[in-house]
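Everything below concerns the one structure shown next.
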Amino acid sequence: MRVFDILLPKIADNKIKGSPYPFYFLCLISPLSFLRSLIHLFHSDGGAYSIAGINLTSDHANEVIFTFALWGSSQLILGILQLLVLSRYRSLIPLIYLLLIIEIALRIFIGHIKPIYFSHTPPGMIANWVLLPIACFMFILSIRSAMSAEMNT
């Protein structure tokens, strides 16, 4: 079985192929992704100052808050996708981890090429560095264990 076939199976079903640990970890982080998106969408400042510590005293504070709400809408889509995979399409768990790794890596990259000043280290910045290696490990585990399970059948 090739990695591509594991990431994009011909039939997406609710069977976990390989280790259940990536599924369990996704069960832990998916509600947090969903909650984070709702904060960015509906909190009065989108979490820009209250959580991230971004200065909102300039004339462009509304644009920053608007951008955080847009970010929240993207996070909501990813959160819904995660919940769908957990509830109905578990064979796509490796693909969800790949998307999560790409999203986190892009956030870190953007932080380097377009740095801004925070009054304190935002929790999401710390979470990126914690979650990235765990997501990579879960991705590798989901791929390798699916390949092993396929060889053993």
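Letters for chains follow the order of the structure tokens (A, B, ...), residue numbers begin at 1 for each chain, and ligand numbers begin at 1 in the order shown.
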**Item:** Test item: residues at most 12 Å from region 24-30 of chain A, only C-alpha atoms, excluding those fewer than 5 positions along its chain, as a ChimeraX atom specification
**Value:** /A:16,19,35-37,75-87,90,92-97,100,127,131,134-135,137-139,141-142
**Message:** as number ranges by chain, please: the residues near region 40-57 of chain A (cut-off 6 Å, only C-alpha atoms, same-chain neighbours under 3 positions excluded).
**Reply:** A: 37, 61, 65, 68-69, 72, 118-120, 122
**Asked** Which parts of region 11-120 of chain A does DSSP call helix (DSSP H, G or I) when run on the backbone here, written out as a PyMOL selection string?
**Response** chain A and resi 21-42+61-87+90-113
**Request:** Point out the residue among A:Ser73, A:Ser148, A:Ser33, A:Asn62 with the least atom-to-atom distance to Gly124 (chain A), counting only C-alpha atoms.
**Result:** A:Ser33
**Request:** Rounded to one decimal place, report the CA of Ser145 (chain A)-CA of Lys17 (chain A) distance in Å.
**Result:**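 So the two atoms, CA of Ser145 (chain A) and CA of Lys17 (chain A), lie 7.3 Å apart.
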**Message:** Under the rule that only C-alpha atoms are counted, which of A:Leu38, A:Ile102, A:Ile116, A:Ala12 is the nearest residue to Ser74 (chain A)?
**Reply:** A:Leu38
**Prompt:** Separation of CA of Glu63 (chain A) and CA of Phe34 (chain A), in Å?
**Reply:**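 Result for CA of Glu63 (chain A) versus CA of Phe34 (chain A): 22.9 Å, one decimal.
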**Request:** Name the closest residue to Gly111 (chain A) among the candidates A:Leu8, A:Leu98, A:Tyr21, A:Asn128; distances are taken between atoms, counting only C-alpha atoms.
**Result:**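 Between A:Leu8, A:Leu98, A:Tyr21, A:Asn128, the residue approaching Gly111 (chain A) most closely is A:Asn128.
Nearest residue to His112 (chain A), choosing from A:Ser58, A:Met125, A:Leu132, A:Tyr89 and counting only C-alpha atoms: A:Met125.
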